[in-house]
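A.B. asks: mmCIF, C-alpha atoms, saved as target.cif, coming up:
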```
data_my_file
#
loop_
_atom_site.group_PDB
_atom_site.id
_atom_site.type_symbol
_atom_site.label_atom_id
_atom_site.label_comp_id
_atom_site.auth_asym_id
_atom_site.auth_seq_id
_atom_site.Cartn_x
_atom_site.Cartn_y
_atom_site.Cartn_z
ATOM 1 C CA MET A 55 -134.465 -27.498 41.658
ATOM 2 C CA SER A 56 -136.320 -28.102 38.413
ATOM 3 C CA ALA A 57 -134.753 -30.006 35.529
ATOM 4 C CA SER A 58 -134.670 -26.897 33.343
ATOM 5 C CA ALA A 59 -132.897 -24.857 36.057
ATOM 6 C CA ALA A 60 -130.320 -27.629 36.528
ATOM 7 C CA LEU A 61 -129.779 -27.737 32.775
ATOM 8 C CA SER A 62 -129.377 -23.961 32.683
ATOM 9 C CA ALA A 63 -126.813 -24.101 35.507
ATOM 10 C CA ARG A 64 -124.906 -26.853 33.673
ATOM 11 C CA ALA A 65 -124.945 -24.815 30.457
ATOM 12 C CA ARG A 66 -123.550 -21.775 32.291
ATOM 13 C CA VAL A 67 -120.758 -23.828 33.857
ATOM 14 C CA LEU A 68 -119.847 -25.416 30.521
ATOM 15 C CA ALA A 69 -119.862 -22.003 28.828
ATOM 16 C CA GLY A 70 -117.502 -20.700 31.530
ATOM 17 C CA TYR A 71 -115.234 -23.724 31.075
ATOM 18 C CA ARG A 72 -115.117 -23.184 27.297
ATOM 19 C CA ASN A 73 -114.407 -19.476 27.823
ATOM 20 C CA LEU A 74 -111.495 -20.254 30.168
ATOM 21 C CA THR A 75 -110.166 -22.942 27.835
ATOM 22 C CA ARG A 76 -110.185 -20.594 24.846
ATOM 23 C CA ALA A 77 -108.455 -17.879 26.867
ATOM 24 C CA ARG A 78 -105.679 -20.197 28.059
ATOM 25 C CA ILE A 79 -105.157 -21.631 24.566
ATOM 26 C CA LYS A 80 -104.791 -18.129 23.118
ATOM 27 C CA LEU A 81 -102.370 -17.057 25.856
ATOM 28 C CA PHE A 82 -100.207 -20.185 26.025
ATOM 29 C CA LYS A 83 -100.173 -21.188 22.345
ATOM 30 C CA GLY A 84 -96.721 -22.573 21.543
ATOM 31 C CA ASP A 85 -95.777 -23.162 25.201
ATOM 32 C CA ASP A 86 -96.368 -26.875 25.772
ATOM 33 C CA PHE A 87 -95.543 -26.804 29.472
ATOM 34 C CA ALA A 88 -97.833 -23.843 30.217
ATOM 35 C CA MET A 89 -100.592 -25.393 28.085
ATOM 36 C CA LYS A 90 -100.452 -28.700 29.971
ATOM 37 C CA GLU A 91 -100.113 -27.091 33.399
ATOM 38 C CA SER A 92 -102.943 -24.610 32.850
ATOM 39 C CA GLY A 93 -105.200 -27.407 31.592
ATOM 40 C CA ARG A 94 -104.357 -29.508 34.648
ATOM 41 C CA GLN A 95 -105.043 -26.588 36.995
ATOM 42 C CA LEU A 96 -108.341 -25.807 35.270
ATOM 43 C CA ARG A 97 -109.549 -29.408 35.532
ATOM 44 C CA GLU A 98 -108.368 -29.586 39.158
ATOM 45 C CA GLN A 99 -110.387 -26.479 40.107
ATOM 46 C CA PHE A 100 -113.493 -27.819 38.407
ATOM 47 C CA GLU A 101 -113.078 -31.161 40.195
ATOM 48 C CA LEU A 102 -112.732 -29.371 43.549
ATOM 49 C CA ASN A 103 -116.028 -27.572 42.951
ATOM 50 C CA LYS A 104 -118.018 -30.363 41.291
ATOM 51 C CA ASN A 105 -120.204 -30.781 44.384
ATOM 52 C CA ALA A 106 -120.809 -27.063 44.847
ATOM 53 C CA PRO A 107 -124.453 -25.964 44.800
ATOM 54 C CA ASN A 108 -125.775 -25.173 41.327
ATOM 55 C CA SER A 109 -127.762 -22.127 42.402
ATOM 56 C CA GLY A 110 -127.525 -19.321 44.900
ATOM 57 C CA PRO A 111 -124.773 -16.902 45.902
ATOM 58 C CA ALA A 112 -121.983 -19.518 46.076
ATOM 59 C CA PHE A 113 -122.789 -20.709 42.549
ATOM 60 C CA GLU A 114 -122.914 -17.148 41.206
ATOM 61 C CA ALA A 115 -119.569 -16.379 42.907
ATOM 62 C CA LEU A 116 -117.958 -19.373 41.174
ATOM 63 C CA LEU A 117 -119.325 -18.245 37.806
ATOM 64 C CA GLN A 118 -118.063 -14.724 38.421
ATOM 65 C CA GLY A 119 -114.660 -16.171 39.343
ATOM 66 C CA MET A 120 -114.553 -18.011 36.006
ATOM 67 C CA ASP A 121 -115.382 -14.805 34.125
ATOM 68 C CA GLU A 122 -112.726 -12.862 36.026
ATOM 69 C CA ALA A 123 -110.092 -15.543 35.402
ATOM 70 C CA ALA A 124 -110.845 -15.573 31.673
ATOM 71 C CA HIS A 125 -110.676 -11.759 31.596
ATOM 72 C CA MET A 126 -107.335 -11.854 33.384
ATOM 73 C CA LEU A 127 -105.916 -14.387 30.909
ATOM 74 C CA ARG A 128 -107.108 -12.343 27.935
ATOM 75 C CA HIS A 129 -106.376 -8.807 29.082
ATOM 76 C CA GLU A 130 -103.942 -8.708 31.980
ATOM 77 C CA ILE A 131 -101.188 -11.156 31.074
ATOM 78 C CA VAL A 132 -98.748 -10.688 28.220
ATOM 79 C CA ARG A 133 -96.397 -13.485 27.243
ATOM 80 C CA GLY A 134 -92.922 -12.804 25.965
ATOM 81 C CA ASP A 135 -90.498 -15.004 24.094
ATOM 82 C CA LEU A 136 -86.766 -14.952 24.725
ATOM 83 C CA ASN A 137 -84.752 -13.751 21.749
ATOM 84 C CA GLU A 138 -81.627 -15.827 22.190
ATOM 85 C CA ASP A 139 -79.589 -13.539 19.927
ATOM 86 C CA THR A 140 -80.176 -10.436 22.049
ATOM 87 C CA GLY A 141 -80.948 -12.081 25.414
ATOM 88 C CA ARG A 142 -84.094 -9.959 25.666
ATOM 89 C CA TYR A 143 -87.743 -10.899 25.775
ATOM 90 C CA GLU A 144 -89.916 -9.897 22.860
ATOM 91 C CA VAL A 145 -93.486 -9.027 23.729
ATOM 92 C CA LYS A 146 -96.251 -8.269 21.279
ATOM 93 C CA ILE A 147 -98.774 -6.074 23.057
ATOM 94 C CA GLN A 148 -102.243 -6.335 21.575
ATOM 95 C CA ARG A 149 -104.929 -3.667 21.780
ATOM 96 C CA GLU A 150 -106.861 -5.614 24.446
ATOM 97 C CA HIS A 151 -103.838 -5.417 26.797
ATOM 98 C CA VAL A 152 -103.797 -1.632 26.901
ATOM 99 C CA GLN A 153 -105.929 0.050 29.541
ATOM 100 C CA GLY A 154 -108.357 2.477 27.968
ATOM 101 C CA SER A 155 -108.230 0.771 24.578
ATOM 102 C CA ASP A 156 -111.878 -0.310 24.616
ATOM 103 C CA SER A 157 -112.920 2.869 22.868
ATOM 104 C CA ASP A 158 -111.796 3.918 19.404
ATOM 105 C CA ASP A 159 -111.991 7.549 20.564
ATOM 106 C CA ILE A 160 -109.248 7.073 23.152
ATOM 107 C CA LYS A 161 -105.679 6.722 21.964
ATOM 108 C CA PRO A 162 -103.963 4.820 24.769
ATOM 109 C CA GLU A 163 -100.380 5.720 25.527
ATOM 110 C CA ILE A 164 -97.852 2.993 26.052
ATOM 111 C CA GLU A 165 -94.580 3.889 27.682
ATOM 112 C CA PRO A 166 -91.793 1.970 25.966
ATOM 113 C CA ILE A 167 -89.622 -0.204 28.170
ATOM 114 C CA THR A 168 -86.182 1.352 28.087
ATOM 115 C CA GLU A 169 -83.203 1.230 30.400
ATOM 116 C CA GLU A 170 -84.552 4.401 32.050
ATOM 117 C CA THR A 171 -88.017 2.918 32.755
ATOM 118 C CA VAL A 172 -86.395 -0.231 34.178
ATOM 119 C CA ARG A 173 -84.145 1.896 36.386
ATOM 120 C CA ARG A 174 -87.202 3.830 37.652
ATOM 121 C CA MET A 175 -89.033 0.586 38.442
ATOM 122 C CA GLU A 176 -86.037 -0.911 40.242
ATOM 123 C CA ASN A 177 -85.312 2.304 42.183
ATOM 124 C CA PRO A 178 -88.601 4.116 42.631
ATOM 125 C CA GLY A 179 -86.959 6.808 44.741
ATOM 126 C CA GLN A 180 -88.735 8.265 47.704
ATOM 127 C CA VAL A 181 -91.605 6.275 49.148
ATOM 128 C CA GLU A 182 -94.244 8.179 51.054
ATOM 129 C CA VAL A 183 -95.869 6.373 53.961
ATOM 130 C CA CYS A 184 -99.476 7.404 54.413
ATOM 131 C CA LYS A 185 -101.437 7.530 57.625
ATOM 132 C CA SER A 186 -103.409 4.375 58.327
ATOM 133 C CA SER A 187 -107.174 4.624 58.232
ATOM 134 C CA SER A 188 -107.440 2.100 61.024
ATOM 135 C CA ASN A 189 -108.475 3.172 64.514
ATOM 136 C CA ARG A 190 -105.765 1.000 66.023
ATOM 137 C CA LYS A 191 -102.945 2.923 67.677
ATOM 138 C CA THR A 192 -99.373 1.879 67.087
ATOM 139 C CA GLU A 193 -96.655 2.239 69.669
#
```
Show me this structure written as C-alpha cells.
C.D. replies:
Amino acid sequence: MSASAALSARARVLAGYRNLTRARIKLFKGDDFAMKESGRQLREQFELNKNAPNSGPAFEALLQGMDEAAHMLRHEIVRGDLNEDTGRYEVKIQREHVQGSDSDDIKPEIEPITEETVRRMENPGQVEVCKSSSNRKTE
C-alpha cells in the first residue's frame, strides 16, 4: 500500500472516531457515567481493531459500522431525565429523532405517550403468527 493510501485510510478512521465521539458527547452530555462508559467502549473497540487491514472489504465494513453507530447515537436513541417530583421521565424529542423529518415538506406525526399508548404497548392484544418462509417442515 502506498504512503498516500495509508494516510487516506488513517484520515478516514480518525474522521469516523471524531464523528462517533461528537455523537456520544451530544447524547450523553450531563451523564458522567454514560460519558465515561461510552468513551471506554469506543476506545476498546478501536483497540480491538487496530491491526485490521486498512483497505479492502473488511476495512470498508468497519468504516460503515462506525457511520451506522454514529447515526444510531444521533437519530435512534433519546435520553430522558427523571423528574423526581412526578416520578416520570422527561424526554425532549428533537427533529432528527422523528422518522420522516428529513424533509420540510413532510410533517411527521408523533403519538404522545399516554396511559392508553402504554397500555397498548404492554398488552398488544391478538398476535398473528405468520407462515414461515423456510422449506423446513415442523412436526
A.B. asks: Which one of A:Ala77, A:Ala63, A:Met175, A:Met89 sits closest to Asp121 in chain A if you count all atoms listed in the file?
C.D. replies: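 Answer, going by the shortest atom-to-atom distance: A:Ala77.
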A.B. asks: At what distance in Å, to one decimal, does CA of Asp85 in chain A lie from CA of Lys104 in chain A?
C.D. replies: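 For CA of Lys104 in chain A relative to CA of Asp85 in chain A, the distance reads 28.4 Å.
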A.B. asks: To test your reading of the syntax: which residues would the PyMOL selection byres ((chain A and resi 144) around 9) return for the file shown? Reply as a ChimeraX atom specification.
C.D. replies: /A:133-137,142-143,145-146
A.B. asks: To one decimal in Å, tell me the separation between CA of Lys80 in chain A and CA of Gly119 in chain A.
C.D. replies: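 Result for CA of Lys80 in chain A versus CA of Gly119 in chain A: 19.1 Å, one decimal.
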A.B. asks: Between A:Leu74, A:Val132, A:Ile167, A:Leu102, which has the minimum distance to Gln118 in chain A (counting all atoms listed in the file)?
C.D. replies: A:Leu74
A.B. asks: When you draw a straight line from CA of Asn73 in chain A to CA of Ala124 in chain A, how long is it in Å?
C.D. replies: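 These two atoms are separated by 6.5 Å.
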A.B. asks: List the residues matched by the PyMOL selection byres ((chain A and resi 66-72) around 12) in the displayed structure as a PyMOL selection string, ordered by chain and then by residue number.
C.D. replies: chain A and resi 59-65+73-79+93+96-97+99-101+103-104+106-109+113-125
A.B. asks: Could you write out as AutoDock Vina command-line options the box around range 115-130 of chain A (axis-aligned, all atoms listed in the file, 8 Å on each side), with centre and edge lengths in Å to one decimal?
C.D. replies:
```
--center_x -111.8 --center_y -14.0 --center_z 35.4 --size_x 31.6 --size_y 26.7 --size_z 31.0
```
A.B. asks: May I ask which of the residues A:Ala112, A:Val172, A:Ile147, A:Ala88 is the closest one to Ile131 in chain A, counting only C-alpha atoms?
C.D. replies: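 Residue with the minimum atom-to-atom distance to Ile131 in chain A: A:Ile147.
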